[in-house]
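query37.txt (compact mmCIF, C-alpha atoms)
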```
# COMPACT_ATOMS: atom_id res chain seq x y z
CA MET L 1 44.57 126.69 14.46
CA ASN L 2 42.94 127.59 11.17
CA GLY L 3 41.39 125.02 8.83
CA THR L 4 44.17 125.10 6.23
CA ASN L 5 46.87 124.43 8.82
CA GLU L 6 44.79 121.66 10.37
CA ILE L 7 44.19 119.95 7.01
CA SER L 8 47.93 120.20 6.27
CA ARG L 9 48.70 118.59 9.63
CA LEU L 10 46.21 115.78 8.98
CA VAL L 11 47.60 115.16 5.48
CA ASN L 12 51.18 115.17 6.82
CA ASP L 13 50.22 112.72 9.58
CA LEU L 14 48.38 110.37 7.20
CA ALA L 15 51.34 110.46 4.78
CA GLY L 16 53.57 109.61 7.74
CA HIS L 17 51.44 106.57 8.58
CA TRP L 18 51.64 105.38 4.97
CA THR L 19 55.41 105.86 4.55
CA GLU L 20 56.49 102.59 6.17
CA PRO L 21 53.97 100.45 4.23
CA VAL L 22 55.12 102.00 0.94
CA LEU L 23 58.75 101.32 1.83
CA ARG L 24 57.84 97.69 2.63
CA ILE L 25 56.08 97.37 -0.74
CA LEU L 26 59.10 98.83 -2.53
CA LYS L 27 61.50 96.54 -0.67
CA ALA L 28 59.38 93.47 -1.48
CA ALA L 29 59.38 94.50 -5.15
CA GLY L 30 63.19 94.59 -5.15
CA MET L 31 64.12 98.18 -4.32
CA PRO L 32 67.90 97.98 -4.00
CA GLU L 33 68.33 100.18 -0.91
CA ILE L 34 66.01 101.78 1.62
CA SER L 35 67.74 104.86 3.02
CA VAL L 36 66.72 107.78 5.20
CA ASP L 37 66.68 109.96 2.08
CA LEU L 38 64.34 107.49 0.37
CA GLU L 39 62.10 107.46 3.44
CA ILE L 40 61.87 111.27 3.45
CA GLU L 41 61.21 111.39 -0.28
CA THR L 42 58.53 108.71 0.11
CA TRP L 43 56.77 110.82 2.74
CA ARG L 44 56.97 113.90 0.51
CA THR L 45 55.59 111.96 -2.45
CA LEU L 46 52.75 110.50 -0.38
CA ARG L 47 51.91 113.95 0.95
CA SER L 48 51.86 115.42 -2.56
CA VAL L 49 49.74 112.61 -4.03
CA LEU L 50 47.32 112.71 -1.08
CA LYS L 51 46.89 116.50 -1.40
CA ARG L 52 46.22 116.15 -5.13
CA GLU L 53 43.67 113.39 -4.56
CA LEU L 54 41.86 115.33 -1.82
CA HIS L 55 41.68 118.51 -3.88
CA ARG L 56 40.48 116.60 -6.95
CA GLN L 57 37.63 114.89 -5.10
CA PRO L 58 35.25 117.88 -4.94
CA LEU L 59 35.70 118.36 -8.70
CA ARG L 60 34.61 114.81 -9.50
CA SER L 61 31.07 113.62 -10.06
CA SER L 62 28.59 113.12 -7.26
CA THR L 63 30.06 109.71 -6.40
CA LEU L 64 31.60 109.77 -2.94
CA VAL L 65 35.05 108.24 -2.45
CA SER L 66 35.61 105.70 0.31
CA PHE L 67 38.62 105.61 2.57
CA VAL L 68 39.75 102.28 1.12
CA SER L 69 39.58 103.66 -2.42
CA LEU L 70 41.44 106.82 -1.45
CA MET L 71 44.15 104.88 0.39
CA GLU L 72 44.59 102.39 -2.45
CA SER L 73 44.82 105.15 -5.05
CA VAL L 74 47.35 107.19 -3.06
CA LEU L 75 49.51 104.17 -2.17
CA ARG L 76 49.45 102.86 -5.74
CA LYS L 77 50.39 106.21 -7.29
CA ALA L 78 53.06 107.07 -4.73
CA THR L 79 54.62 103.61 -4.86
CA LEU L 80 54.81 103.71 -8.64
CA LEU L 81 56.33 107.21 -8.59
CA MET L 82 58.94 106.09 -6.07
CA TRP L 83 59.74 102.98 -8.10
CA GLN L 84 60.13 105.01 -11.28
CA ALA L 85 62.43 107.49 -9.53
CA PHE L 86 64.55 105.10 -7.46
CA GLY L 87 64.00 101.52 -8.69
CA SER L 88 66.88 99.65 -10.23
CA ARG L 89 64.88 98.73 -13.31
CA GLY L 90 61.97 100.27 -15.13
CA ALA L 91 58.37 99.80 -14.10
CA SER L 92 57.34 96.89 -16.30
CA PRO L 93 53.65 95.95 -16.45
CA GLU L 94 54.38 93.08 -14.05
CA VAL L 95 56.07 95.38 -11.52
CA GLU L 96 53.22 97.90 -11.85
CA HIS L 97 50.71 95.11 -11.23
CA ASP L 98 52.63 93.82 -8.20
CA LEU L 99 52.96 97.31 -6.70
CA GLY L 100 49.27 97.99 -7.26
CA GLN L 101 48.24 94.64 -5.81
CA ALA L 102 50.35 95.20 -2.69
CA ALA L 103 48.77 98.65 -2.28
CA SER L 104 45.25 97.26 -2.60
CA ASP L 105 45.96 94.43 -0.14
CA ARG L 106 46.82 96.82 2.68
CA VAL L 107 44.38 97.20 5.57
CA ALA L 108 44.28 100.59 7.31
CA THR L 109 45.12 101.02 10.96
CA THR L 110 42.84 102.58 13.55
CA SER L 111 45.02 105.72 13.60
CA GLU L 112 44.68 106.11 9.82
CA ARG L 113 40.91 105.74 9.98
CA LEU L 114 40.75 108.38 12.73
CA LEU L 115 42.79 110.82 10.62
CA TYR L 116 40.51 110.17 7.64
CA THR L 117 37.46 110.82 9.81
CA GLU L 118 38.95 114.16 10.88
CA ILE L 119 39.60 115.04 7.23
CA THR L 120 35.97 114.29 6.32
CA ASN L 121 34.88 116.95 8.83
CA TYR L 122 36.24 119.74 6.62
CA PRO L 123 33.52 121.11 4.29
CA LYS L 124 35.67 121.78 1.22
CA ILE L 125 37.14 118.27 1.24
CA GLY L 126 34.88 116.08 3.35
CA THR L 127 31.79 116.51 1.21
CA ALA L 128 33.35 114.34 -1.53
CA LEU L 129 34.46 111.60 0.88
CA LYS L 130 32.32 108.79 2.26
CA PRO L 131 32.20 108.38 6.02
CA LEU L 132 33.84 105.19 7.25
CA SER L 133 31.77 102.05 6.76
CA ARG L 134 32.20 98.38 7.64
CA THR L 135 34.16 97.74 4.45
CA ASP L 136 36.84 100.19 5.60
CA TYR L 137 37.64 97.90 8.52
CA LEU L 138 37.98 94.64 6.59
CA PRO L 139 40.52 93.41 4.04
CA ARG L 140 39.30 93.16 0.47
CA LEU L 141 38.33 89.73 -0.71
CA ARG L 142 39.88 88.53 -3.93
CA SER L 143 38.76 85.63 -6.02
CA VAL L 144 41.33 83.06 -6.98
CA ALA L 145 41.19 81.63 -10.47
CA HIS L 146 41.43 77.85 -10.62
CA ALA L 147 43.20 76.16 -13.45
```
Encoded form (structure tokens):
Amino acid sequence: MNGTNEISRLVNDLAGHWTEPVLRILKAAGMPEISVDLEIETWRTLRSVLKRELHRQPLRSSTLVSFVSLMESVLRKATLLMWQAFGSRGASPEVEHDLGQAASDRVATTSERLLYTEITNYPKIGTALKPLSRTDYLPRLRSVAHA
């Protein structure tokens, strides 16, 4: 299989792993109905956003992008796009914040980390991505403001 087909397969698979979490985020935010059509469109949106992010990475500065950062960015953007297209009400700043927070709270699965590792092996894309590190296995810590 050539490199382009393999990257497409890896992107499709990673988007597939992220579809259910995005649907859960949307449902928790008040999405009126989760249908098969919405699930398919969510996968397509994730795939599109992930492809854009991966192809943009080599064009960015010399700073490498971690898996957690990539996942958070893709989930946040795709979730917001899905909410704007199918949500019952507009994406207010509060809804945007809640969707973004839910995306950043997600911890990747072993399967997702393995797919990411395979993606980093491709020269055109992988050179802009950081290899997995300890922080990619742990949930992010957030500080809680006390009143």
Checklist entry - Counting all atoms listed in the file, what is within 6 Å of Arg47 of chain L, bar same-chain residues fewer than 3 positions away, as a PyMOL selection string? => result chain L and resi 15+44+50
Checklist entry - Which of these, L:Glu53, L:Glu94, L:Glu112, L:Glu33, has the shortest distance to Val74 of chain L once you count all atoms listed in the file? => result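 Looking at the shortest contact to Val74 of chain L, the residue is L:Glu53.
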I'd like the contact shell of Glu72 of chain L - 10 Å cut-off, all atoms listed in the file, skipping same-chain residues fewer than 6 positions apart - returned as a short mmCIF file (atom, residue, chain, number, x, y, z; two decimals) with C-alpha atoms, in the frame of the given file.
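Dumped to part.cif:
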```
data_model
loop_
_atom_site.label_atom_id
_atom_site.label_comp_id
_atom_site.auth_asym_id
_atom_site.auth_seq_id
_atom_site.Cartn_x
_atom_site.Cartn_y
_atom_site.Cartn_z
CA SER L 66 35.61 105.70 0.31
CA ALA L 78 53.06 107.07 -4.73
CA GLY L 100 49.27 97.99 -7.26
CA GLN L 101 48.24 94.64 -5.81
CA ALA L 102 50.35 95.20 -2.69
CA ALA L 103 48.77 98.65 -2.28
CA SER L 104 45.25 97.26 -2.60
CA ASP L 105 45.96 94.43 -0.14
CA ARG L 106 46.82 96.82 2.68
CA VAL L 107 44.38 97.20 5.57
CA ALA L 108 44.28 100.59 7.31
#
```
Item to check | L:Thr120, L:Leu26, L:Pro131, L:Thr109 ranked by distance to Phe86 of chain L, top pick (using only C-alpha atoms) | outcome: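 The closest residue to Phe86 of chain L is L:Leu26.
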Next on the checklist: I'd like the neighbourhood of His17 of chain L as a PyMOL selection string, where a residue qualifies if any of its atoms comes within 10 Å (using only C-alpha atoms), though same-chain residues fewer than 4 positions away should be ignored.
Outcome noted: chain L and resi 11-13+21-22+43+46+108-109+111-112+115
Item to check | Nearest candidate to Thr79 of chain L (options L:Val49, L:Ile119, L:Ile7, L:Ile40; using only C-alpha atoms) | outcome: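 Among the listed residues, the smallest separation from Thr79 of chain L belongs to L:Val49.
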Take segment 30-59 of chain L, model N, CA and C atoms, and hand the result over as a PDB file, keeping the file's coordinate frame.
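The result, stored in out-v7.pdb:
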```
ATOM      1  N   GLY L  30      61.795  94.655  -4.743  1.00  0.00           N
ATOM      2  CA  GLY L  30      63.190  94.590  -5.150  1.00  0.00           C
ATOM      3  C   GLY L  30      63.926  95.912  -5.135  1.00  0.00           C
ATOM      4  N   MET L  31      63.408  96.900  -4.427  1.00  0.00           N
ATOM      5  CA  MET L  31      64.120  98.180  -4.320  1.00  0.00           C
ATOM      6  C   MET L  31      65.487  97.892  -3.731  1.00  0.00           C
ATOM      7  N   PRO L  32      66.548  98.353  -4.402  1.00  0.00           N
ATOM      8  CA  PRO L  32      67.900  97.980  -4.000  1.00  0.00           C
ATOM      9  C   PRO L  32      68.295  98.453  -2.592  1.00  0.00           C
ATOM     10  N   GLU L  33      67.905  99.671  -2.215  1.00  0.00           N
ATOM     11  CA  GLU L  33      68.330 100.180  -0.910  1.00  0.00           C
ATOM     12  C   GLU L  33      67.262 101.098  -0.342  1.00  0.00           C
ATOM     13  N   ILE L  34      66.939 100.900   0.920  1.00  0.00           N
ATOM     14  CA  ILE L  34      66.010 101.780   1.620  1.00  0.00           C
ATOM     15  C   ILE L  34      66.844 102.648   2.552  1.00  0.00           C
ATOM     16  N   SER L  35      66.927 103.927   2.241  1.00  0.00           N
ATOM     17  CA  SER L  35      67.740 104.860   3.020  1.00  0.00           C
ATOM     18  C   SER L  35      66.842 105.894   3.699  1.00  0.00           C
ATOM     19  N   VAL L  36      67.445 106.688   4.562  1.00  0.00           N
ATOM     20  CA  VAL L  36      66.720 107.780   5.200  1.00  0.00           C
ATOM     21  C   VAL L  36      66.232 108.767   4.142  1.00  0.00           C
ATOM     22  N   ASP L  37      67.073 109.055   3.158  1.00  0.00           N
ATOM     23  CA  ASP L  37      66.680 109.960   2.080  1.00  0.00           C
ATOM     24  C   ASP L  37      65.477 109.419   1.312  1.00  0.00           C
ATOM     25  N   LEU L  38      65.465 108.112   1.067  1.00  0.00           N
ATOM     26  CA  LEU L  38      64.340 107.490   0.370  1.00  0.00           C
ATOM     27  C   LEU L  38      63.081 107.563   1.241  1.00  0.00           C
ATOM     28  N   GLU L  39      63.237 107.380   2.525  1.00  0.00           N
ATOM     29  CA  GLU L  39      62.100 107.460   3.440  1.00  0.00           C
ATOM     30  C   GLU L  39      61.502 108.876   3.424  1.00  0.00           C
ATOM     31  N   ILE L  40      62.337 109.881   3.469  1.00  0.00           N
ATOM     32  CA  ILE L  40      61.870 111.270   3.450  1.00  0.00           C
ATOM     33  C   ILE L  40      61.186 111.580   2.122  1.00  0.00           C
ATOM     34  N   GLU L  41      61.795 111.141   1.030  1.00  0.00           N
ATOM     35  CA  GLU L  41      61.210 111.390  -0.280  1.00  0.00           C
ATOM     36  C   GLU L  41      59.883 110.641  -0.446  1.00  0.00           C
ATOM     37  N   THR L  42      59.787 109.465   0.148  1.00  0.00           N
ATOM     38  CA  THR L  42      58.530 108.710   0.110  1.00  0.00           C
ATOM     39  C   THR L  42      57.436 109.474   0.828  1.00  0.00           C
ATOM     40  N   TRP L  43      57.749 110.021   1.999  1.00  0.00           N
ATOM     41  CA  TRP L  43      56.770 110.820   2.740  1.00  0.00           C
ATOM     42  C   TRP L  43      56.339 112.037   1.935  1.00  0.00           C
ATOM     43  N   ARG L  44      57.294 112.723   1.326  1.00  0.00           N
ATOM     44  CA  ARG L  44      56.970 113.900   0.510  1.00  0.00           C
ATOM     45  C   ARG L  44      56.073 113.524  -0.672  1.00  0.00           C
ATOM     46  N   THR L  45      56.386 112.409  -1.303  1.00  0.00           N
ATOM     47  CA  THR L  45      55.590 111.960  -2.450  1.00  0.00           C
ATOM     48  C   THR L  45      54.183 111.590  -2.005  1.00  0.00           C
ATOM     49  N   LEU L  46      54.071 110.858  -0.906  1.00  0.00           N
ATOM     50  CA  LEU L  46      52.750 110.500  -0.380  1.00  0.00           C
ATOM     51  C   LEU L  46      51.941 111.755  -0.052  1.00  0.00           C
ATOM     52  N   ARG L  47      52.575 112.709   0.581  1.00  0.00           N
ATOM     53  CA  ARG L  47      51.910 113.950   0.950  1.00  0.00           C
ATOM     54  C   ARG L  47      51.401 114.670  -0.302  1.00  0.00           C
ATOM     55  N   SER L  48      52.230 114.750  -1.319  1.00  0.00           N
ATOM     56  CA  SER L  48      51.860 115.420  -2.560  1.00  0.00           C
ATOM     57  C   SER L  48      50.701 114.708  -3.262  1.00  0.00           C
ATOM     58  N   VAL L  49      50.796 113.389  -3.365  1.00  0.00           N
ATOM     59  CA  VAL L  49      49.740 112.610  -4.030  1.00  0.00           C
ATOM     60  C   VAL L  49      48.437 112.713  -3.239  1.00  0.00           C
ATOM     61  N   LEU L  50      48.516 112.626  -1.922  1.00  0.00           N
ATOM     62  CA  LEU L  50      47.320 112.710  -1.080  1.00  0.00           C
ATOM     63  C   LEU L  50      46.657 114.087  -1.219  1.00  0.00           C
ATOM     64  N   LYS L  51      47.443 115.148  -1.215  1.00  0.00           N
ATOM     65  CA  LYS L  51      46.890 116.500  -1.400  1.00  0.00           C
ATOM     66  C   LYS L  51      46.174 116.610  -2.744  1.00  0.00           C
ATOM     67  N   ARG L  52      46.827 116.101  -3.798  1.00  0.00           N
ATOM     68  CA  ARG L  52      46.220 116.150  -5.130  1.00  0.00           C
ATOM     69  C   ARG L  52      44.893 115.394  -5.151  1.00  0.00           C
ATOM     70  N   GLU L  53      44.888 114.208  -4.567  1.00  0.00           N
ATOM     71  CA  GLU L  53      43.670 113.390  -4.560  1.00  0.00           C
ATOM     72  C   GLU L  53      42.554 114.083  -3.772  1.00  0.00           C
ATOM     73  N   LEU L  54      42.877 114.662  -2.634  1.00  0.00           N
ATOM     74  CA  LEU L  54      41.860 115.330  -1.820  1.00  0.00           C
ATOM     75  C   LEU L  54      41.307 116.567  -2.510  1.00  0.00           C
ATOM     76  N   HIS L  55      42.147 117.298  -3.210  1.00  0.00           N
ATOM     77  CA  HIS L  55      41.680 118.510  -3.880  1.00  0.00           C
ATOM     78  C   HIS L  55      40.950 118.184  -5.183  1.00  0.00           C
ATOM     79  N   ARG L  56      41.193 117.021  -5.740  1.00  0.00           N
ATOM     80  CA  ARG L  56      40.480 116.600  -6.950  1.00  0.00           C
ATOM     81  C   ARG L  56      39.086 116.089  -6.628  1.00  0.00           C
ATOM     82  N   GLN L  57      38.898 115.529  -5.442  1.00  0.00           N
ATOM     83  CA  GLN L  57      37.630 114.890  -5.100  1.00  0.00           C
ATOM     84  C   GLN L  57      36.421 115.797  -5.275  1.00  0.00           C
ATOM     85  N   PRO L  58      36.436 117.044  -4.769  1.00  0.00           N
ATOM     86  CA  PRO L  58      35.250 117.880  -4.940  1.00  0.00           C
ATOM     87  C   PRO L  58      34.930 118.198  -6.404  1.00  0.00           C
ATOM     88  N   LEU L  59      35.916 118.065  -7.282  1.00  0.00           N
ATOM     89  CA  LEU L  59      35.700 118.360  -8.700  1.00  0.00           C
ATOM     90  C   LEU L  59      35.105 117.179  -9.453  1.00  0.00           C
TER      91      LEU L  59
END
```
